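What follows is one structure encoded as structure tokens, with my remarks underneath.
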Amino acid sequence: MEREATKDKIRPLYSEFQGYLSQTPKRRDARDIVDDSDWMRYNEAVKELNQIAGKNYNKFLIKLEILNNTIVLVSTYRQTLGGLISRLHAEYFSDEPAPFSGMPSTIITQTQQQSQSIQMYLDIQSKIDEAIPNFEDGSKEKGFLEKFKSSLNTASNVNDLFKLCFKLATELGVSIATLLKIFS
């Protein structure tokens, strides 16, 4: 019961830390810095966390770095905030969804899938552009290719792309054998 009470007291700070991180701009340059008021407010919240939790989270305090003057780098600030949020999640909120639902592996996989989809779209568009001059104006093959090309942007995934291709082929009387010839 005491753990639940502590968890309830920590939750507002946990959310506050997530808010700080979400509002901190991504680093554009290695020398990007955080405003003094931001990291000092964060440090005060860490000290409050120490009191509420009865633990020492001082390793997550922002310490100044020296680069021509006294500054805190954005990268240091973001890493420290992320580390503290992950630590609090593991200690108090592990029964809840992770605060970073877009964990790096998820983001990488999504980016790879998007890149593959874009590449496939471009490959098909290129294949259509190559094939169009091979057919006479007014032919059902050329009509199919032009209509398919103009409709490519309506397909949001591979299944949609195949459905679109076969639907247009059926509507315009293009056989599977002709499709294979066009796209081989």
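We name chains A, B, ... following the order of the structure tokens; residues begin at 1 in each chain, and ligands are numbered from 1 as shown.
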| message | Neighbouring residues of A:Ser150 were defined as those with any atom within 10 Å, considering only C-alpha atoms; residues of the same chain fewer than 5 positions away were excluded. Please report them as number ranges by chain. | response | A: 125, 144-145
Write to file, as a short mmCIF file (atom, residue, chain, number, x, y, z; two decimals), in the first residue's frame, the residues of the selection just made, with N, CA and C atoms.
data_model
loop_
_atom_site.label_atom_id
_atom_site.label_comp_id
_atom_site.auth_asym_id
_atom_site.auth_seq_id
_atom_site.Cartn_x
_atom_site.Cartn_y
_atom_site.Cartn_z
N GLN A 125 6.43 2.91 -60.73
CA GLN A 125 6.20 4.10 -61.56
C GLN A 125 7.22 4.14 -62.71
N PHE A 144 -4.49 1.12 -69.63
CA PHE A 144 -4.28 0.51 -68.31
C PHE A 144 -3.09 1.16 -67.61
N LEU A 145 -1.96 1.26 -68.31
CA LEU A 145 -0.74 1.81 -67.71
C LEU A 145 -0.93 3.25 -67.26
#
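By only C-alpha atoms, and with residues fewer than 6 positions from A:Ile176 along its chain excluded, the set lying at most 12 Å from it is A:Glu141, A:Cys165, A:Phe166, A:Lys167, A:Leu168, A:Ala169, A:Thr170, A:Ile182, A:Phe183, A:Ser184.
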Got time to write the residues from that selection, all heavy atoms, as a PDB file, in the first residue's frame?
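So the final result, stored in out06.pdb, reads:
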ATOM      1  N   GLU A 141      -3.746  -1.671 -73.295  1.00  0.00           N
ATOM      2  CA  GLU A 141      -2.545  -1.767 -72.467  1.00  0.00           C
ATOM      3  C   GLU A 141      -2.059  -0.377 -72.045  1.00  0.00           C
ATOM      4  O   GLU A 141      -1.748  -0.141 -70.882  1.00  0.00           O
ATOM      5  CB  GLU A 141      -1.419  -2.503 -73.215  1.00  0.00           C
ATOM      6  CG  GLU A 141      -1.677  -3.964 -73.467  1.00  0.00           C
ATOM      7  CD  GLU A 141      -2.433  -4.238 -74.779  1.00  0.00           C
ATOM      8  OE1 GLU A 141      -2.879  -3.261 -75.444  1.00  0.00           O
ATOM      9  OE2 GLU A 141      -2.592  -5.410 -75.122  1.00  0.00           O
ATOM     10  N   CYS A 165      -4.088  -2.871 -59.233  1.00  0.00           N
ATOM     11  CA  CYS A 165      -3.580  -3.385 -60.506  1.00  0.00           C
ATOM     12  C   CYS A 165      -4.575  -4.361 -61.135  1.00  0.00           C
ATOM     13  O   CYS A 165      -4.956  -4.218 -62.304  1.00  0.00           O
ATOM     14  CB  CYS A 165      -2.229  -4.058 -60.289  1.00  0.00           C
ATOM     15  SG  CYS A 165      -1.508  -4.761 -61.787  1.00  0.00           S
ATOM     16  N   PHE A 166      -5.028  -5.337 -60.343  1.00  0.00           N
ATOM     17  CA  PHE A 166      -5.932  -6.352 -60.888  1.00  0.00           C
ATOM     18  C   PHE A 166      -7.319  -5.789 -61.184  1.00  0.00           C
ATOM     19  O   PHE A 166      -7.969  -6.182 -62.158  1.00  0.00           O
ATOM     20  CB  PHE A 166      -6.015  -7.558 -59.960  1.00  0.00           C
ATOM     21  CG  PHE A 166      -4.720  -8.334 -59.891  1.00  0.00           C
ATOM     22  CD1 PHE A 166      -4.116  -8.598 -58.676  1.00  0.00           C
ATOM     23  CD2 PHE A 166      -4.085  -8.773 -61.046  1.00  0.00           C
ATOM     24  CE1 PHE A 166      -2.925  -9.295 -58.617  1.00  0.00           C
ATOM     25  CE2 PHE A 166      -2.894  -9.475 -61.005  1.00  0.00           C
ATOM     26  CZ  PHE A 166      -2.304  -9.740 -59.778  1.00  0.00           C
ATOM     27  N   LYS A 167      -7.771  -4.846 -60.383  1.00  0.00           N
ATOM     28  CA  LYS A 167      -9.076  -4.216 -60.610  1.00  0.00           C
ATOM     29  C   LYS A 167      -9.063  -3.455 -61.938  1.00  0.00           C
ATOM     30  O   LYS A 167      -9.964  -3.602 -62.769  1.00  0.00           O
ATOM     31  CB  LYS A 167      -9.404  -3.266 -59.455  1.00  0.00           C
ATOM     32  CG  LYS A 167     -10.714  -2.541 -59.608  1.00  0.00           C
ATOM     33  CD  LYS A 167     -10.968  -1.618 -58.422  1.00  0.00           C
ATOM     34  CE  LYS A 167     -12.193  -0.798 -58.652  1.00  0.00           C
ATOM     35  NZ  LYS A 167     -11.957   0.616 -58.731  1.00  0.00           N
ATOM     36  N   LEU A 168      -8.001  -2.645 -62.133  1.00  0.00           N
ATOM     37  CA  LEU A 168      -7.899  -1.879 -63.379  1.00  0.00           C
ATOM     38  C   LEU A 168      -7.730  -2.800 -64.587  1.00  0.00           C
ATOM     39  O   LEU A 168      -8.311  -2.552 -65.649  1.00  0.00           O
ATOM     40  CB  LEU A 168      -6.740  -0.883 -63.297  1.00  0.00           C
ATOM     41  CG  LEU A 168      -6.929   0.289 -62.340  1.00  0.00           C
ATOM     42  CD1 LEU A 168      -5.650   1.120 -62.251  1.00  0.00           C
ATOM     43  CD2 LEU A 168      -8.101   1.159 -62.771  1.00  0.00           C
ATOM     44  N   ALA A 169      -6.923  -3.848 -64.408  1.00  0.00           N
ATOM     45  CA  ALA A 169      -6.717  -4.794 -65.514  1.00  0.00           C
ATOM     46  C   ALA A 169      -8.045  -5.435 -65.907  1.00  0.00           C
ATOM     47  O   ALA A 169      -8.364  -5.545 -67.093  1.00  0.00           O
ATOM     48  CB  ALA A 169      -5.695  -5.856 -65.108  1.00  0.00           C
ATOM     49  N   THR A 170      -8.833  -5.844 -64.922  1.00  0.00           N
ATOM     50  CA  THR A 170     -10.132  -6.462 -65.196  1.00  0.00           C
ATOM     51  C   THR A 170     -11.068  -5.469 -65.875  1.00  0.00           C
ATOM     52  O   THR A 170     -11.717  -5.795 -66.883  1.00  0.00           O
ATOM     53  CB  THR A 170     -10.767  -6.974 -63.881  1.00  0.00           C
ATOM     54  OG1 THR A 170      -9.874  -7.905 -63.273  1.00  0.00           O
ATOM     55  CG2 THR A 170     -12.097  -7.649 -64.132  1.00  0.00           C
ATOM     56  N   ILE A 182       3.946  -6.913 -69.525  1.00  0.00           N
ATOM     57  CA  ILE A 182       4.206  -5.491 -69.261  1.00  0.00           C
ATOM     58  C   ILE A 182       5.265  -5.323 -68.175  1.00  0.00           C
ATOM     59  O   ILE A 182       6.166  -4.518 -68.308  1.00  0.00           O
ATOM     60  CB  ILE A 182       2.904  -4.769 -68.843  1.00  0.00           C
ATOM     61  CG1 ILE A 182       1.942  -4.652 -70.028  1.00  0.00           C
ATOM     62  CG2 ILE A 182       3.201  -3.399 -68.258  1.00  0.00           C
ATOM     63  CD1 ILE A 182       0.555  -4.134 -69.656  1.00  0.00           C
ATOM     64  N   PHE A 183       5.140  -6.098 -67.101  1.00  0.00           N
ATOM     65  CA  PHE A 183       5.993  -5.884 -65.931  1.00  0.00           C
ATOM     66  C   PHE A 183       7.200  -6.827 -65.860  1.00  0.00           C
ATOM     67  O   PHE A 183       7.902  -6.850 -64.845  1.00  0.00           O
ATOM     68  CB  PHE A 183       5.174  -5.972 -64.639  1.00  0.00           C
ATOM     69  CG  PHE A 183       4.215  -4.831 -64.498  1.00  0.00           C
ATOM     70  CD1 PHE A 183       2.857  -5.022 -64.649  1.00  0.00           C
ATOM     71  CD2 PHE A 183       4.675  -3.543 -64.227  1.00  0.00           C
ATOM     72  CE1 PHE A 183       1.962  -3.959 -64.526  1.00  0.00           C
ATOM     73  CE2 PHE A 183       3.803  -2.474 -64.116  1.00  0.00           C
ATOM     74  CZ  PHE A 183       2.443  -2.693 -64.253  1.00  0.00           C
ATOM     75  N   SER A 184       7.486  -7.554 -66.929  1.00  0.00           N
ATOM     76  CA  SER A 184       8.669  -8.432 -66.881  1.00  0.00           C
ATOM     77  C   SER A 184       9.904  -7.728 -67.419  1.00  0.00           C
ATOM     78  O   SER A 184       9.889  -6.717 -67.988  1.00  0.00           O
ATOM     79  CB  SER A 184       8.401  -9.707 -67.669  1.00  0.00           C
ATOM     80  OG  SER A 184       8.140  -9.411 -69.026  1.00  0.00           O
TER      81      SER A 184
END
| query | With distances taken over only C-alpha atoms, which of A:Thr6, A:Leu21, A:Ile62, A:Leu172 is nearest to A:Gly138? | reply | A:Leu172
| task | Compile the contact shell of A:Asn58 as a PyMOL selection string: residues with an atom at most 8 Å away, counting only C-alpha atoms, same-chain residues fewer than 3 positions apart removed. | result | chain A and resi 46-47+50+61
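When the distance limit is 12 Å and only C-alpha atoms are what count, the residues near A:Arg11, minus those fewer than 4 positions from it on the same chain, are Glu4, Ala5, Thr6, Lys7, Ser15, Glu16, Phe17, Gln18, Leu49, Ile52, Ala53, Ile85, Leu88, His89, Glu91, Tyr92, Phe93 and Glu96 of chain A.
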Can you write just those residues out, C-alpha atoms, as an mmCIF file, in the first residue's frame?
data_model
loop_
_atom_site.group_PDB
_atom_site.id
_atom_site.type_symbol
_atom_site.label_atom_id
_atom_site.label_comp_id
_atom_site.auth_asym_id
_atom_site.auth_seq_id
_atom_site.Cartn_x
_atom_site.Cartn_y
_atom_site.Cartn_z
ATOM 1 C CA GLU A 4 1.117 2.676 -4.294
ATOM 2 C CA ALA A 5 1.037 5.911 -2.299
ATOM 3 C CA THR A 6 4.623 6.682 -3.341
ATOM 4 C CA LYS A 7 3.770 5.799 -6.939
ATOM 5 C CA SER A 15 4.667 13.144 -16.327
ATOM 6 C CA GLU A 16 6.533 16.419 -15.813
ATOM 7 C CA PHE A 17 9.805 14.807 -16.916
ATOM 8 C CA GLN A 18 8.105 13.379 -20.003
ATOM 9 C CA LEU A 49 11.730 13.357 -6.584
ATOM 10 C CA ILE A 52 9.145 11.998 -2.367
ATOM 11 C CA ALA A 53 10.758 8.667 -3.256
ATOM 12 C CA ILE A 85 12.116 8.572 -17.265
ATOM 13 C CA LEU A 88 11.182 5.659 -13.070
ATOM 14 C CA HIS A 89 9.164 3.539 -15.467
ATOM 15 C CA GLU A 91 10.882 1.168 -10.748
ATOM 16 C CA TYR A 92 7.304 2.391 -10.435
ATOM 17 C CA PHE A 93 5.326 2.064 -13.653
ATOM 18 C CA GLU A 96 2.029 0.431 -17.714
#
| said: Quick check, in Å to one decimal: how far apart do atom CA of A:Leu84 and atom CA of A:Phe60 lie? | reply: 6.3 Å
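The space between atom CA of A:Ser22 and atom CA of A:Ser86 spans 14.0 Å.
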| task | From the DSSP assignment of the backbone, select every residue of stretch 7-97 of chain A that is strand (DSSP E), and format the answer as an NGL selection string. | result | :A and (65-66 or 70-71)
| task | Rank A:Leu180, A:Leu161, A:Leu73, A:Ala155 by their smallest atom-to-atom distance to A:Ala131, using only C-alpha atoms, and report the top residue only. | result | A:Leu180
| query | Rounded to one decimal in Å, what is the spacing between atom CA of A:Gln119 and atom CA of A:Lys181? | reply | 21.6 Å
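All residues of protein, DNA or RNA that reach within 10 Å of A:Val158, judged by only C-alpha atoms and not counting those fewer than 3 positions away in the chain, are Ser117, Met120, Tyr121, Ala155, Leu161, Phe162, Lys163 and Leu164 of chain A.
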Take the residues just selected and output them with N, CA and C atoms as a PDB file, in the first residue's frame.
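out-v9.pdb written:
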ATOM      1  N   SER A 117       8.569   0.852 -49.094  1.00  0.00           N
ATOM      2  CA  SER A 117       7.321   1.171 -49.785  1.00  0.00           C
ATOM      3  C   SER A 117       7.540   2.267 -50.820  1.00  0.00           C
ATOM      4  N   MET A 120       9.465   0.799 -53.727  1.00  0.00           N
ATOM      5  CA  MET A 120       8.607  -0.041 -54.548  1.00  0.00           C
ATOM      6  C   MET A 120       7.704   0.835 -55.425  1.00  0.00           C
ATOM      7  N   TYR A 121       7.127   1.875 -54.833  1.00  0.00           N
ATOM      8  CA  TYR A 121       6.278   2.807 -55.578  1.00  0.00           C
ATOM      9  C   TYR A 121       7.062   3.419 -56.740  1.00  0.00           C
ATOM     10  N   ALA A 155      -2.915   3.818 -53.367  1.00  0.00           N
ATOM     11  CA  ALA A 155      -2.542   2.572 -52.688  1.00  0.00           C
ATOM     12  C   ALA A 155      -1.669   2.900 -51.485  1.00  0.00           C
ATOM     13  N   LEU A 161      -1.991  -2.063 -53.656  1.00  0.00           N
ATOM     14  CA  LEU A 161      -1.359  -1.936 -54.970  1.00  0.00           C
ATOM     15  C   LEU A 161      -1.772  -3.090 -55.888  1.00  0.00           C
ATOM     16  N   PHE A 162      -1.733  -4.320 -55.348  1.00  0.00           N
ATOM     17  CA  PHE A 162      -2.153  -5.480 -56.144  1.00  0.00           C
ATOM     18  C   PHE A 162      -3.639  -5.406 -56.487  1.00  0.00           C
ATOM     19  N   LYS A 163      -4.460  -5.038 -55.512  1.00  0.00           N
ATOM     20  CA  LYS A 163      -5.901  -4.906 -55.766  1.00  0.00           C
ATOM     21  C   LYS A 163      -6.158  -3.897 -56.878  1.00  0.00           C
ATOM     22  N   LEU A 164      -5.471  -2.755 -56.779  1.00  0.00           N
ATOM     23  CA  LEU A 164      -5.632  -1.710 -57.782  1.00  0.00           C
ATOM     24  C   LEU A 164      -5.229  -2.216 -59.166  1.00  0.00           C
TER      25      LEU A 164
END
